[in-house]
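Colleague: Provided herewith: my_file-v7.cif, mmCIF, C-alpha atoms.
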```
data_protein
#
loop_
_atom_site.label_atom_id
_atom_site.label_comp_id
_atom_site.auth_asym_id
_atom_site.auth_seq_id
_atom_site.Cartn_x
_atom_site.Cartn_y
_atom_site.Cartn_z
CA MET A 1 -8.10 5.76 -0.45
CA THR A 2 -7.82 9.03 1.42
CA PRO A 3 -8.42 11.90 -1.01
CA SER A 4 -5.54 14.25 -1.69
CA PRO A 5 -5.84 17.63 0.08
CA VAL A 6 -4.81 19.21 -3.23
CA SER A 7 -7.05 19.12 -6.30
CA PRO A 8 -5.46 16.81 -8.91
CA LEU A 9 -6.04 19.60 -11.46
CA HIS A 10 -3.61 21.81 -9.56
CA GLY A 11 -1.29 19.24 -7.99
CA PRO A 12 2.49 19.24 -8.30
CA LEU A 13 2.32 16.52 -11.00
CA SER A 14 -0.20 18.41 -13.11
CA GLY A 15 0.86 18.09 -16.75
CA PHE A 16 2.60 14.74 -16.27
CA ARG A 17 1.07 11.81 -18.16
CA GLY A 18 1.20 8.15 -17.20
CA VAL A 19 0.30 4.89 -18.92
CA SER A 20 -0.44 1.89 -16.73
CA LEU A 21 -0.53 -1.76 -17.75
CA ALA A 22 -0.79 -2.79 -14.08
CA ALA A 23 -3.87 -4.63 -12.84
CA ASN A 24 -5.02 -5.96 -9.45
CA VAL A 25 -3.84 -3.91 -6.44
CA PRO A 26 -0.26 -2.54 -6.32
CA GLY A 27 -0.21 -0.81 -9.71
CA PRO A 28 -3.68 0.76 -9.47
CA VAL A 29 -2.94 2.04 -5.95
CA ALA A 30 0.34 3.57 -7.13
CA ALA A 31 -1.38 5.18 -10.11
CA GLN A 32 -4.10 6.59 -7.90
CA LEU A 33 -1.55 8.04 -5.47
CA LEU A 34 0.15 9.83 -8.36
CA ARG A 35 -3.19 10.91 -9.85
CA GLN A 36 -4.06 12.58 -6.57
CA GLU A 37 -0.93 14.68 -7.04
CA GLY A 38 -2.02 15.76 -10.54
CA MET A 39 -0.77 13.10 -12.97
CA THR A 40 -3.20 12.07 -15.72
CA TRP A 41 -3.46 8.40 -16.63
CA ILE A 42 -4.39 5.99 -19.36
CA LYS A 43 -5.00 2.56 -17.83
CA VAL A 44 -4.75 -0.22 -20.39
CA GLU A 45 -6.83 -3.30 -19.61
CA ALA A 46 -6.92 -6.59 -21.50
CA PRO A 47 -10.24 -7.69 -23.03
CA ALA A 48 -10.79 -9.94 -19.98
CA GLY A 49 -10.60 -6.86 -17.75
CA ASP A 50 -8.98 -6.38 -14.37
CA MET A 51 -9.48 -9.33 -12.00
CA LEU A 52 -10.06 -6.89 -9.14
CA ALA A 53 -13.27 -5.66 -10.80
CA GLY A 54 -14.87 -9.04 -10.14
CA ALA A 55 -13.28 -9.71 -6.76
CA ALA A 56 -13.94 -6.30 -5.18
CA PRO A 57 -16.01 -4.04 -7.49
CA GLY A 58 -16.10 -1.13 -5.06
CA MET A 59 -12.34 -1.17 -4.59
CA TYR A 60 -11.83 -1.39 -8.34
CA ARG A 61 -14.03 1.65 -8.92
CA GLU A 62 -12.22 3.61 -6.22
CA LEU A 63 -8.82 2.85 -7.73
CA ALA A 64 -10.02 3.56 -11.28
CA GLU A 65 -11.49 6.96 -10.37
CA GLY A 66 -10.14 9.68 -12.62
CA LEU A 67 -8.24 7.25 -14.86
CA ASP A 68 -8.92 6.89 -18.59
CA VAL A 69 -9.52 3.13 -18.77
CA ARG A 70 -9.11 1.65 -22.25
CA THR A 71 -9.61 -1.98 -23.28
CA VAL A 72 -6.84 -3.07 -25.64
CA ASP A 73 -5.56 -6.45 -26.83
CA LEU A 74 -1.82 -5.96 -26.72
CA ARG A 75 -1.28 -9.30 -28.45
CA ARG A 76 -2.65 -7.82 -31.66
CA PRO A 77 -0.67 -5.45 -33.90
CA GLU A 78 -3.28 -2.69 -33.64
CA GLY A 79 -3.17 -2.92 -29.85
CA GLN A 80 0.61 -2.63 -29.77
CA ALA A 81 0.48 0.30 -32.19
CA ALA A 82 -1.99 2.13 -29.93
CA LEU A 83 0.19 1.51 -26.88
CA GLN A 84 3.29 2.80 -28.64
CA GLU A 85 1.45 5.95 -29.63
CA TRP A 86 0.37 6.60 -26.02
CA LEU A 87 3.86 5.93 -24.71
CA ARG A 88 5.42 8.40 -27.14
CA GLY A 89 3.50 11.17 -25.38
CA ALA A 90 3.85 9.86 -21.83
CA ASP A 91 6.19 10.65 -18.96
CA LEU A 92 5.75 7.39 -17.05
CA LEU A 93 4.97 3.74 -17.74
CA LEU A 94 3.75 1.56 -14.87
CA THR A 95 3.72 -2.24 -15.24
CA SER A 96 3.17 -5.22 -12.95
CA GLN A 97 3.79 -8.16 -15.28
CA ARG A 98 6.82 -10.42 -15.20
CA PRO A 99 9.67 -9.35 -17.52
CA GLY A 100 9.19 -12.34 -19.82
CA ALA A 101 5.53 -11.51 -20.38
CA LEU A 102 6.37 -7.88 -21.12
CA ALA A 103 9.15 -8.87 -23.53
CA ARG A 104 6.67 -10.98 -25.50
CA LEU A 105 4.64 -7.77 -25.94
CA GLY A 106 7.75 -5.97 -27.14
CA ILE A 107 8.18 -3.98 -23.93
CA THR A 108 11.82 -3.79 -22.89
CA ALA A 109 14.06 -0.98 -21.70
CA GLU A 110 15.60 -0.84 -25.17
CA SER A 111 12.31 -0.61 -27.06
CA LEU A 112 10.93 2.03 -24.68
CA ALA A 113 14.06 4.12 -25.15
CA GLN A 114 13.52 3.99 -28.91
CA TRP A 115 9.87 5.00 -28.69
CA ASN A 116 10.41 7.76 -26.13
CA PRO A 117 13.88 8.44 -24.67
CA ALA A 118 12.32 10.64 -21.95
CA LEU A 119 9.90 7.93 -20.77
CA CYS A 120 10.36 6.73 -17.18
CA TRP A 121 9.38 3.15 -16.33
CA VAL A 122 8.45 1.75 -12.92
CA GLU A 123 8.26 -2.03 -13.05
CA ILE A 124 6.42 -3.74 -10.18
CA VAL A 125 7.41 -7.39 -9.79
CA GLY A 126 7.01 -10.04 -7.14
CA ASP A 127 10.67 -10.41 -6.24
CA ALA A 128 13.11 -7.77 -7.46
CA ASP A 129 15.95 -10.30 -7.26
CA GLU A 130 14.11 -13.09 -9.09
CA PRO A 131 11.36 -11.31 -11.06
CA GLU A 132 10.26 -14.37 -13.02
CA VAL A 133 9.39 -16.34 -9.85
CA PRO A 134 5.60 -16.14 -9.23
CA GLY A 135 4.09 -15.07 -5.93
CA HIS A 136 1.43 -12.91 -4.32
CA ASP A 137 0.89 -10.79 -1.22
CA LEU A 138 0.18 -13.89 0.89
CA THR A 139 3.43 -15.63 -0.02
CA TYR A 140 5.50 -12.50 0.53
CA GLN A 141 3.94 -11.74 3.91
CA LEU A 142 4.52 -15.34 4.95
CA GLN A 143 8.19 -15.15 3.93
CA ALA A 144 8.63 -11.86 5.80
CA GLY A 145 7.14 -13.22 9.03
CA LEU A 146 4.02 -11.04 8.90
CA VAL A 147 1.53 -13.93 8.97
CA ARG A 148 0.74 -16.20 11.89
CA PRO A 149 -0.81 -19.34 10.38
CA PRO A 150 -3.55 -20.40 10.19
CA GLN A 151 -4.84 -16.81 10.39
CA MET A 152 -4.95 -15.07 7.03
CA PRO A 153 -3.56 -11.52 6.66
CA THR A 154 -5.98 -8.76 7.63
CA THR A 155 -4.74 -6.51 4.84
CA LEU A 156 -2.44 -6.63 1.81
CA LEU A 157 0.73 -5.25 3.34
CA ALA A 158 3.06 -6.32 0.52
CA ASP A 159 0.76 -4.95 -2.18
CA LEU A 160 0.04 -1.64 -0.47
CA SER A 161 3.58 -0.97 0.68
CA GLY A 162 4.78 -1.99 -2.79
CA ALA A 163 2.40 0.58 -4.26
CA GLN A 164 3.91 3.25 -2.03
CA GLU A 165 7.38 2.21 -3.15
CA ALA A 166 6.31 2.33 -6.80
CA ALA A 167 4.95 5.85 -6.39
CA ARG A 168 8.15 6.90 -4.67
CA ALA A 169 10.22 5.33 -7.46
CA ALA A 170 8.17 7.25 -10.04
CA LEU A 171 8.78 10.54 -8.25
CA GLY A 172 12.49 9.77 -8.01
CA LEU A 173 12.74 9.05 -11.73
CA LEU A 174 10.76 12.12 -12.77
CA LEU A 175 12.70 14.44 -10.44
CA GLY A 176 15.97 12.92 -11.58
CA ARG A 177 15.01 13.41 -15.22
CA ALA A 178 14.22 17.06 -14.57
CA ARG A 179 17.70 17.46 -13.06
CA GLY A 180 19.44 15.83 -15.99
CA ALA A 181 19.83 12.26 -14.69
CA GLU A 182 19.91 9.47 -17.25
CA GLU A 183 18.07 6.88 -15.11
CA ARG A 184 14.73 5.90 -16.64
CA HIS A 185 13.88 2.54 -15.05
CA ARG A 186 13.35 1.22 -11.54
CA ARG A 187 12.14 -2.19 -10.42
CA VAL A 188 10.03 -2.51 -7.25
CA GLY A 189 9.66 -5.92 -5.58
CA LEU A 190 6.64 -6.79 -3.46
CA LYS A 191 8.74 -9.32 -1.56
CA GLN A 192 11.18 -6.56 -0.66
CA ALA A 193 8.30 -4.26 0.31
CA ALA A 194 6.95 -6.91 2.68
CA TYR A 195 10.41 -7.38 4.16
CA ALA A 196 10.58 -3.64 4.81
CA MET A 197 7.22 -3.80 6.62
CA ALA A 198 8.66 -6.56 8.82
CA LEU A 199 11.32 -4.25 10.29
CA PRO A 200 9.67 -4.19 13.78
CA VAL A 201 9.36 -7.99 13.72
CA ARG A 202 13.00 -8.53 12.78
CA HIS A 203 14.15 -6.30 15.62
CA GLY A 204 11.87 -7.90 18.19
CA LEU A 205 9.58 -4.93 18.72
CA THR A 206 6.37 -6.79 17.80
CA ALA A 207 7.70 -10.34 17.95
CA GLU A 208 6.53 -12.55 20.81
CA GLY A 209 7.73 -11.04 24.08
CA GLY A 210 8.65 -7.73 22.44
CA TRP A 211 7.80 -4.29 23.80
CA LEU A 212 4.79 -3.90 21.46
CA SER A 213 3.78 -7.56 21.32
CA GLY A 214 1.23 -7.42 24.14
CA ALA A 215 3.79 -8.35 26.77
CA ASN A 216 3.62 -4.77 28.03
CA PRO A 217 0.36 -4.24 30.01
CA GLU A 218 0.25 -0.60 28.88
CA TYR A 219 0.18 -1.73 25.23
CA ARG A 220 -2.23 -4.60 24.86
CA LEU A 221 -5.70 -5.69 23.79
CA TYR A 222 -8.20 -6.19 26.62
CA ALA A 223 -11.66 -7.71 26.74
CA LEU A 224 -14.55 -5.40 27.62
CA HIS A 225 -18.07 -6.20 28.75
CA ASP A 226 -19.23 -6.14 25.12
CA GLY A 227 -16.11 -5.76 22.99
CA TRP A 228 -12.37 -5.14 22.96
CA ALA A 229 -10.14 -2.22 23.86
CA GLY A 230 -6.72 -1.33 22.55
CA VAL A 231 -4.68 0.28 25.31
CA ALA A 232 -1.57 2.18 24.17
CA ALA A 233 -0.53 4.16 27.26
CA LEU A 234 3.20 3.81 26.66
CA GLU A 235 4.44 7.27 27.58
CA PRO A 236 4.91 7.92 31.32
CA HIS A 237 2.31 10.69 31.47
CA PHE A 238 -0.31 8.44 29.85
CA ALA A 239 0.62 5.54 32.13
CA GLN A 240 0.32 7.80 35.17
CA ARG A 241 -3.05 9.11 34.01
CA LEU A 242 -4.28 5.55 33.49
CA SER A 243 -3.13 4.46 36.95
CA GLU A 244 -5.07 7.36 38.47
CA VAL A 245 -8.23 6.08 36.78
CA LEU A 246 -7.65 2.54 38.05
CA THR A 247 -7.05 3.48 41.70
CA ASP A 248 -5.11 0.26 42.34
CA GLN A 249 -7.66 -1.96 40.53
CA PRO A 250 -6.09 -4.36 37.99
CA LEU A 251 -6.49 -2.96 34.48
CA GLU A 252 -7.86 -6.22 33.09
CA GLU A 253 -10.59 -6.40 35.75
CA PHE A 254 -11.45 -2.72 35.40
CA LEU A 255 -11.91 -2.85 31.64
CA LEU A 256 -14.00 -6.00 31.81
CA THR A 257 -16.70 -4.02 33.62
CA LEU A 258 -16.91 -1.33 30.92
CA THR A 259 -18.96 -1.26 27.75
CA VAL A 260 -17.45 -0.05 24.48
CA GLU A 261 -19.28 3.25 24.79
CA GLU A 262 -18.14 3.76 28.39
CA CYS A 263 -14.55 2.92 27.52
CA ASN A 264 -14.40 5.37 24.60
CA THR A 265 -16.04 8.08 26.71
CA LEU A 266 -13.47 7.53 29.43
CA ALA A 267 -10.62 7.72 26.92
CA HIS A 268 -11.95 10.99 25.54
CA GLU A 269 -12.57 12.59 28.91
CA ARG A 270 -9.21 11.58 30.39
CA ASP A 271 -7.21 12.14 27.18
CA LEU A 272 -5.99 8.53 27.06
CA PRO A 273 -4.72 6.61 23.98
CA ILE A 274 -7.40 3.90 24.25
CA HIS A 275 -9.96 2.88 21.66
CA ALA A 276 -12.72 0.28 21.97
CA ILE A 277 -14.70 -1.66 19.38
CA ASN A 278 -17.59 -4.09 19.55
CA HIS A 279 -17.10 -7.82 19.12
#
```
Let me see whether you can do it: turn the structure in this file into structure tokens.

Modeller:
Amino acid sequence: MTPSPVSPLHGPLSGFRGVSLAANVPGPVAAQLLRQEGMTWIKVEAPAGDMLAGAAPGMYRELAEGLDVRTVDLRRPEGQAALQEWLRGADLLLTSQRPGALARLGITAESLAQWNPALCWVEIVGDADEPEVPGHDLTYQLQAGLVRPPQMPTTLLADLSGAQEAARAALGLLLGRARGAEERHRRVGLKQAAYAMALPVRHGLTAEGGWLSGANPEYRLYALHDGWAGVAALEPHFAQRLSEVLTDQPLEEFLLTLTVEECNTLAHERDLPIHAINH
């Protein structure tokens, strides 16, 4: 993740304390975003650990940076007692389990209000409308029209955008609390986050034939001699500048003669929105 320009020790959320029961990607990303603004965290992990630690150790370490990670069995009375003690002194609880699983651990809006009436709770679920229905980033991207089978997603759009929404929900709850609002709980759905990311698709901007779909020759991927170039000369002044470089030669033919290095040099020298990469 991109480091915050402000030291967490002096960030706007300095003094706020969070407890996270969220594993995998969305919850840890949200916690890290808030940590970079100054919030301190206890991350509670089950004895089996966070699945992400085995799947992507480097990513796990990056997302756990600066968090107080504690291994606790919440199915045992001593584990639940420890959690309740931490929550009594916290400002925010972050979860990513289904409501039924949380209820079996004694975590409900009613119980949290008894332990700490000031505690805010951001609940990340798969589908905010049907939170008990299982799913993952892949299924939500597929439903939102962000995947073109059989190609797998390049990144975890539902998870990452859901994390952003969770961080925003946390800020809304904390600011509202400071202004006297009674709201203490918000539910964030990854399915809904993916649907929000599909806004350009739904309105035809990136759908097949759309303005940013590759149908526009000034906004398209082109083959180079040894790689690929992304051309994004949409604005008239960029398009004019590009046409001056081409001198009536077809763009596709011109780029095919360039190497990646030559293409990037040209883009820099002519101030063009073009970037090239190797195969």

Colleague: Between A:Leu138, A:Val231, A:Met197, A:Leu105, which residue has the minimum interatomic distance to A:Ala81, considering all atoms listed in the file?

Modeller: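 Of A:Leu138, A:Val231, A:Met197, A:Leu105, the one nearest A:Ala81 is A:Leu105, counting all atoms listed in the file.
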
Colleague: What's around stretch 106-113 of chain A at 12 Å? Count only C-alpha atoms, leave out sequence neighbours fewer than 5 positions away in its own chain, and write the answer as a ChimeraX atom specification.

Modeller: /A:21,74-77,79-81,83-95,97-101,118-123,182-187

Colleague: Which polymer residues have any atom within 7 Å of an atom of A:Gly189, counting all atoms listed in the file, with same-chain residues fewer than 5 positions away left out, as a ChimeraX atom specification?

Modeller: /A:124-128,162

Colleague: Those same residues - C-alpha atoms - I'd like them written as an mmCIF file, in the frame of the given file.

Modeller:
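Saved as part.cif:
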```cif
data_model
loop_
_atom_site.group_PDB
_atom_site.id
_atom_site.type_symbol
_atom_site.label_atom_id
_atom_site.label_comp_id
_atom_site.auth_asym_id
_atom_site.auth_seq_id
_atom_site.Cartn_x
_atom_site.Cartn_y
_atom_site.Cartn_z
ATOM 1 C CA ILE A 124 6.420 -3.740 -10.180
ATOM 2 C CA VAL A 125 7.410 -7.390 -9.790
ATOM 3 C CA GLY A 126 7.010 -10.040 -7.140
ATOM 4 C CA ASP A 127 10.670 -10.410 -6.240
ATOM 5 C CA ALA A 128 13.110 -7.770 -7.460
ATOM 6 C CA GLY A 162 4.780 -1.990 -2.790
#
```

Colleague: When distances are computed from all atoms listed in the file, which of A:Pro28, A:Gln240, A:Leu224, A:Gly230 shows the smallest separation from A:Glu262?

Modeller: A:Leu224

Colleague: (-1.9, 14.6, -10.6) in this file's frame - what residues fall within 9 Å of it? Use all atoms listed in the file and give the answer as a list in words.

Modeller: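 Residues found, by chain and rising number: Ser7, Pro8, Leu9, His10, Gly11, Pro12, Leu13, Ser14, Gly15, Phe16, Arg17, Gln32, Leu33, Leu34, Arg35, Gln36, Glu37, Gly38, Met39, Thr40 and Trp41 of chain A.
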
Colleague: Choose the residue, out of A:Leu146, A:Ala223, A:Gly210, A:Ala215, that has the smallest atom-to-atom separation from A:Ala193; count only C-alpha atoms.

Modeller: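 Ranking A:Leu146, A:Ala223, A:Gly210, A:Ala215 by distance to A:Ala193, first place goes to A:Leu146.
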
Colleague: How would you write, as JSON, numbers by chain, the residues chosen by the PyMOL selection byres ((chain A and resi 158) around 8) on this structure?

Modeller: {"A": [137, 140, 141, 156, 157, 159, 160, 161, 162, 190, 191, 193, 194, 197]}

Colleague: Of the candidates A:Ala163, A:Glu45, A:Leu67, A:Thr139, which one gets nearest to A:Pro26 if we count only C-alpha atoms?

Modeller: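 Of A:Ala163, A:Glu45, A:Leu67, A:Thr139, the one nearest A:Pro26 is A:Ala163, counting only C-alpha atoms.
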
Colleague: Extract, using all atoms listed in the file, all DNA, RNA and protein residues at most 10 Å from A:Tyr60, discarding same-chain residues fewer than 2 positions from it, and format them as a ChimeraX atom specification.

Modeller: /A:23-25,28-29,50-58,62-65

Colleague: Taking only C-alpha atoms into account, name the residue in A:Val44, A:Ala167, A:Met59, A:Val260 that is nearest to A:Ala82.

Modeller: A:Val44

Colleague: Give me the result of the PyMOL selection byres ((chain A and resi 275) around 8) on this file, residue by residue, as a ChimeraX atom specification.

Modeller: /A:229-231,263-264,267,273-274,276-277

Colleague: If you measure from atom CA of A:Asp73 to atom CA of A:Pro47, what distance in Å do you get, rounded to one decimal?

Modeller: 6.2 Å

Colleague: Between atom CA of A:Arg70 and atom CA of A:Ala31, what is the distance in Å, rounded to a tenth?

Modeller: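 Atom CA of A:Ala31 lies at a distance of 14.8 Å from atom CA of A:Arg70.
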
Colleague: I'd like the interatomic distance between atom CA of A:Phe238 and atom CA of A:Glu218, to a tenth of an Å.

Modeller: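 If I compute the distance from atom CA of A:Phe238 to atom CA of A:Glu218, I get 9.1 Å.
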
Colleague: Which polymer residues have any atom within 7 Å of an atom of A:Ala198, counting only C-alpha atoms, with same-chain residues fewer than 2 positions away left out, as a compact mmCIF listing (two decimals) with C-alpha atoms, keeping the file's coordinate frame?

Modeller:
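around-v3.txt written:
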```
# COMPACT_ATOMS: atom_id res chain seq x y z
CA ALA A 144 8.63 -11.86 5.80
CA GLY A 145 7.14 -13.22 9.03
CA LEU A 146 4.02 -11.04 8.90
CA ALA A 194 6.95 -6.91 2.68
CA TYR A 195 10.41 -7.38 4.16
CA ALA A 196 10.58 -3.64 4.81
CA PRO A 200 9.67 -4.19 13.78
CA VAL A 201 9.36 -7.99 13.72
CA ARG A 202 13.00 -8.53 12.78
```

Colleague: Carefully work through the PyMOL selection byres ((chain A and resi 242) around 12) for this structure and note down the residues it includes, as number ranges by chain.

Modeller: A: 217-219, 231-241, 243-251, 254-255, 266-267, 269-274

Colleague: Keeping only C-alpha atoms, write the selected residues to a file as a PDB file, keeping the file's coordinate frame.

Modeller:
```pdb
ATOM      1  CA  PRO A 217       0.360  -4.240  30.010  1.00  0.00           C
ATOM      2  CA  GLU A 218       0.250  -0.600  28.880  1.00  0.00           C
ATOM      3  CA  TYR A 219       0.180  -1.730  25.230  1.00  0.00           C
ATOM      4  CA  VAL A 231      -4.680   0.280  25.310  1.00  0.00           C
ATOM      5  CA  ALA A 232      -1.570   2.180  24.170  1.00  0.00           C
ATOM      6  CA  ALA A 233      -0.530   4.160  27.260  1.00  0.00           C
ATOM      7  CA  LEU A 234       3.200   3.810  26.660  1.00  0.00           C
ATOM      8  CA  GLU A 235       4.440   7.270  27.580  1.00  0.00           C
ATOM      9  CA  PRO A 236       4.910   7.920  31.320  1.00  0.00           C
ATOM     10  CA  HIS A 237       2.310  10.690  31.470  1.00  0.00           C
ATOM     11  CA  PHE A 238      -0.310   8.440  29.850  1.00  0.00           C
ATOM     12  CA  ALA A 239       0.620   5.540  32.130  1.00  0.00           C
ATOM     13  CA  GLN A 240       0.320   7.800  35.170  1.00  0.00           C
ATOM     14  CA  ARG A 241      -3.050   9.110  34.010  1.00  0.00           C
ATOM     15  CA  SER A 243      -3.130   4.460  36.950  1.00  0.00           C
ATOM     16  CA  GLU A 244      -5.070   7.360  38.470  1.00  0.00           C
ATOM     17  CA  VAL A 245      -8.230   6.080  36.780  1.00  0.00           C
ATOM     18  CA  LEU A 246      -7.650   2.540  38.050  1.00  0.00           C
ATOM     19  CA  THR A 247      -7.050   3.480  41.700  1.00  0.00           C
ATOM     20  CA  ASP A 248      -5.110   0.260  42.340  1.00  0.00           C
ATOM     21  CA  GLN A 249      -7.660  -1.960  40.530  1.00  0.00           C
ATOM     22  CA  PRO A 250      -6.090  -4.360  37.990  1.00  0.00           C
ATOM     23  CA  LEU A 251      -6.490  -2.960  34.480  1.00  0.00           C
ATOM     24  CA  PHE A 254     -11.450  -2.720  35.400  1.00  0.00           C
ATOM     25  CA  LEU A 255     -11.910  -2.850  31.640  1.00  0.00           C
ATOM     26  CA  LEU A 266     -13.470   7.530  29.430  1.00  0.00           C
ATOM     27  CA  ALA A 267     -10.620   7.720  26.920  1.00  0.00           C
ATOM     28  CA  GLU A 269     -12.570  12.590  28.910  1.00  0.00           C
ATOM     29  CA  ARG A 270      -9.210  11.580  30.390  1.00  0.00           C
ATOM     30  CA  ASP A 271      -7.210  12.140  27.180  1.00  0.00           C
ATOM     31  CA  LEU A 272      -5.990   8.530  27.060  1.00  0.00           C
ATOM     32  CA  PRO A 273      -4.720   6.610  23.980  1.00  0.00           C
ATOM     33  CA  ILE A 274      -7.400   3.900  24.250  1.00  0.00           C
TER      34      ILE A 274
END
```

Colleague: Could you check the closest approach to A:Ser96 for each of A:Ala22, A:Ala46, A:Ala178, A:Leu256 and tell me which residue wins, using only C-alpha atoms?

Modeller: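 Residue with the minimum atom-to-atom distance to A:Ser96: A:Ala22.
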
Colleague: For stretch 43-50 of chain A, supply all heavy atoms and format the output as a PDB file, keeping the file's coordinate frame.

Modeller:
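Contents of selection-v9.pdb, freshly written:
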```
ATOM      1  N   LYS A  43      -5.166   3.926 -18.348  1.00  0.00           N
ATOM      2  CA  LYS A  43      -5.000   2.560 -17.830  1.00  0.00           C
ATOM      3  C   LYS A  43      -5.425   1.583 -18.916  1.00  0.00           C
ATOM      4  O   LYS A  43      -6.574   1.601 -19.361  1.00  0.00           O
ATOM      5  CB  LYS A  43      -5.825   2.325 -16.569  1.00  0.00           C
ATOM      6  CG  LYS A  43      -5.587   0.933 -15.976  1.00  0.00           C
ATOM      7  CD  LYS A  43      -6.552   0.584 -14.870  1.00  0.00           C
ATOM      8  CE  LYS A  43      -6.254  -0.825 -14.366  1.00  0.00           C
ATOM      9  NZ  LYS A  43      -7.316  -1.353 -13.491  1.00  0.00           N
ATOM     10  N   VAL A  44      -4.501   0.746 -19.327  1.00  0.00           N
ATOM     11  CA  VAL A  44      -4.750  -0.220 -20.390  1.00  0.00           C
ATOM     12  C   VAL A  44      -5.158  -1.549 -19.763  1.00  0.00           C
ATOM     13  O   VAL A  44      -4.408  -2.120 -18.965  1.00  0.00           O
ATOM     14  CB  VAL A  44      -3.493  -0.412 -21.260  1.00  0.00           C
ATOM     15  CG1 VAL A  44      -3.763  -1.442 -22.355  1.00  0.00           C
ATOM     16  CG2 VAL A  44      -3.052   0.916 -21.860  1.00  0.00           C
ATOM     17  N   GLU A  45      -6.344  -2.015 -20.116  1.00  0.00           N
ATOM     18  CA  GLU A  45      -6.830  -3.300 -19.610  1.00  0.00           C
ATOM     19  C   GLU A  45      -7.020  -4.277 -20.769  1.00  0.00           C
ATOM     20  O   GLU A  45      -7.445  -3.879 -21.868  1.00  0.00           O
ATOM     21  CB  GLU A  45      -8.155  -3.126 -18.865  1.00  0.00           C
ATOM     22  CG  GLU A  45      -8.028  -2.353 -17.571  1.00  0.00           C
ATOM     23  CD  GLU A  45      -9.312  -2.378 -16.750  1.00  0.00           C
ATOM     24  OE1 GLU A  45     -10.288  -3.024 -17.186  1.00  0.00           O
ATOM     25  OE2 GLU A  45      -9.339  -1.737 -15.675  1.00  0.00           O
ATOM     26  N   ALA A  46      -6.701  -5.538 -20.511  1.00  0.00           N
ATOM     27  CA  ALA A  46      -6.920  -6.590 -21.500  1.00  0.00           C
ATOM     28  C   ALA A  46      -8.409  -6.805 -21.700  1.00  0.00           C
ATOM     29  O   ALA A  46      -9.218  -6.397 -20.862  1.00  0.00           O
ATOM     30  CB  ALA A  46      -6.256  -7.879 -21.032  1.00  0.00           C
ATOM     31  N   PRO A  47      -8.813  -7.444 -22.802  1.00  0.00           N
ATOM     32  CA  PRO A  47     -10.240  -7.690 -23.030  1.00  0.00           C
ATOM     33  C   PRO A  47     -10.932  -8.407 -21.878  1.00  0.00           C
ATOM     34  O   PRO A  47     -12.127  -8.200 -21.645  1.00  0.00           O
ATOM     35  CB  PRO A  47     -10.229  -8.542 -24.303  1.00  0.00           C
ATOM     36  CG  PRO A  47      -9.002  -8.098 -25.034  1.00  0.00           C
ATOM     37  CD  PRO A  47      -7.983  -7.834 -23.963  1.00  0.00           C
ATOM     38  N   ALA A  48     -10.191  -9.235 -21.124  1.00  0.00           N
ATOM     39  CA  ALA A  48     -10.790  -9.940 -19.980  1.00  0.00           C
ATOM     40  C   ALA A  48     -10.996  -9.012 -18.794  1.00  0.00           C
ATOM     41  O   ALA A  48     -11.692  -9.374 -17.848  1.00  0.00           O
ATOM     42  CB  ALA A  48      -9.904 -11.112 -19.575  1.00  0.00           C
ATOM     43  N   GLY A  49     -10.432  -7.810 -18.837  1.00  0.00           N
ATOM     44  CA  GLY A  49     -10.600  -6.860 -17.750  1.00  0.00           C
ATOM     45  C   GLY A  49      -9.632  -7.081 -16.603  1.00  0.00           C
ATOM     46  O   GLY A  49      -8.753  -7.938 -16.656  1.00  0.00           O
ATOM     47  N   ASP A  50      -9.797  -6.292 -15.564  1.00  0.00           N
ATOM     48  CA  ASP A  50      -8.980  -6.380 -14.370  1.00  0.00           C
ATOM     49  C   ASP A  50      -9.651  -7.344 -13.391  1.00  0.00           C
ATOM     50  O   ASP A  50     -10.832  -7.181 -13.054  1.00  0.00           O
ATOM     51  CB  ASP A  50      -8.853  -4.985 -13.733  1.00  0.00           C
ATOM     52  CG  ASP A  50      -7.842  -4.928 -12.596  1.00  0.00           C
ATOM     53  OD1 ASP A  50      -7.667  -5.934 -11.894  1.00  0.00           O
ATOM     54  OD2 ASP A  50      -7.242  -3.854 -12.404  1.00  0.00           O
TER      55      ASP A  50
END
```
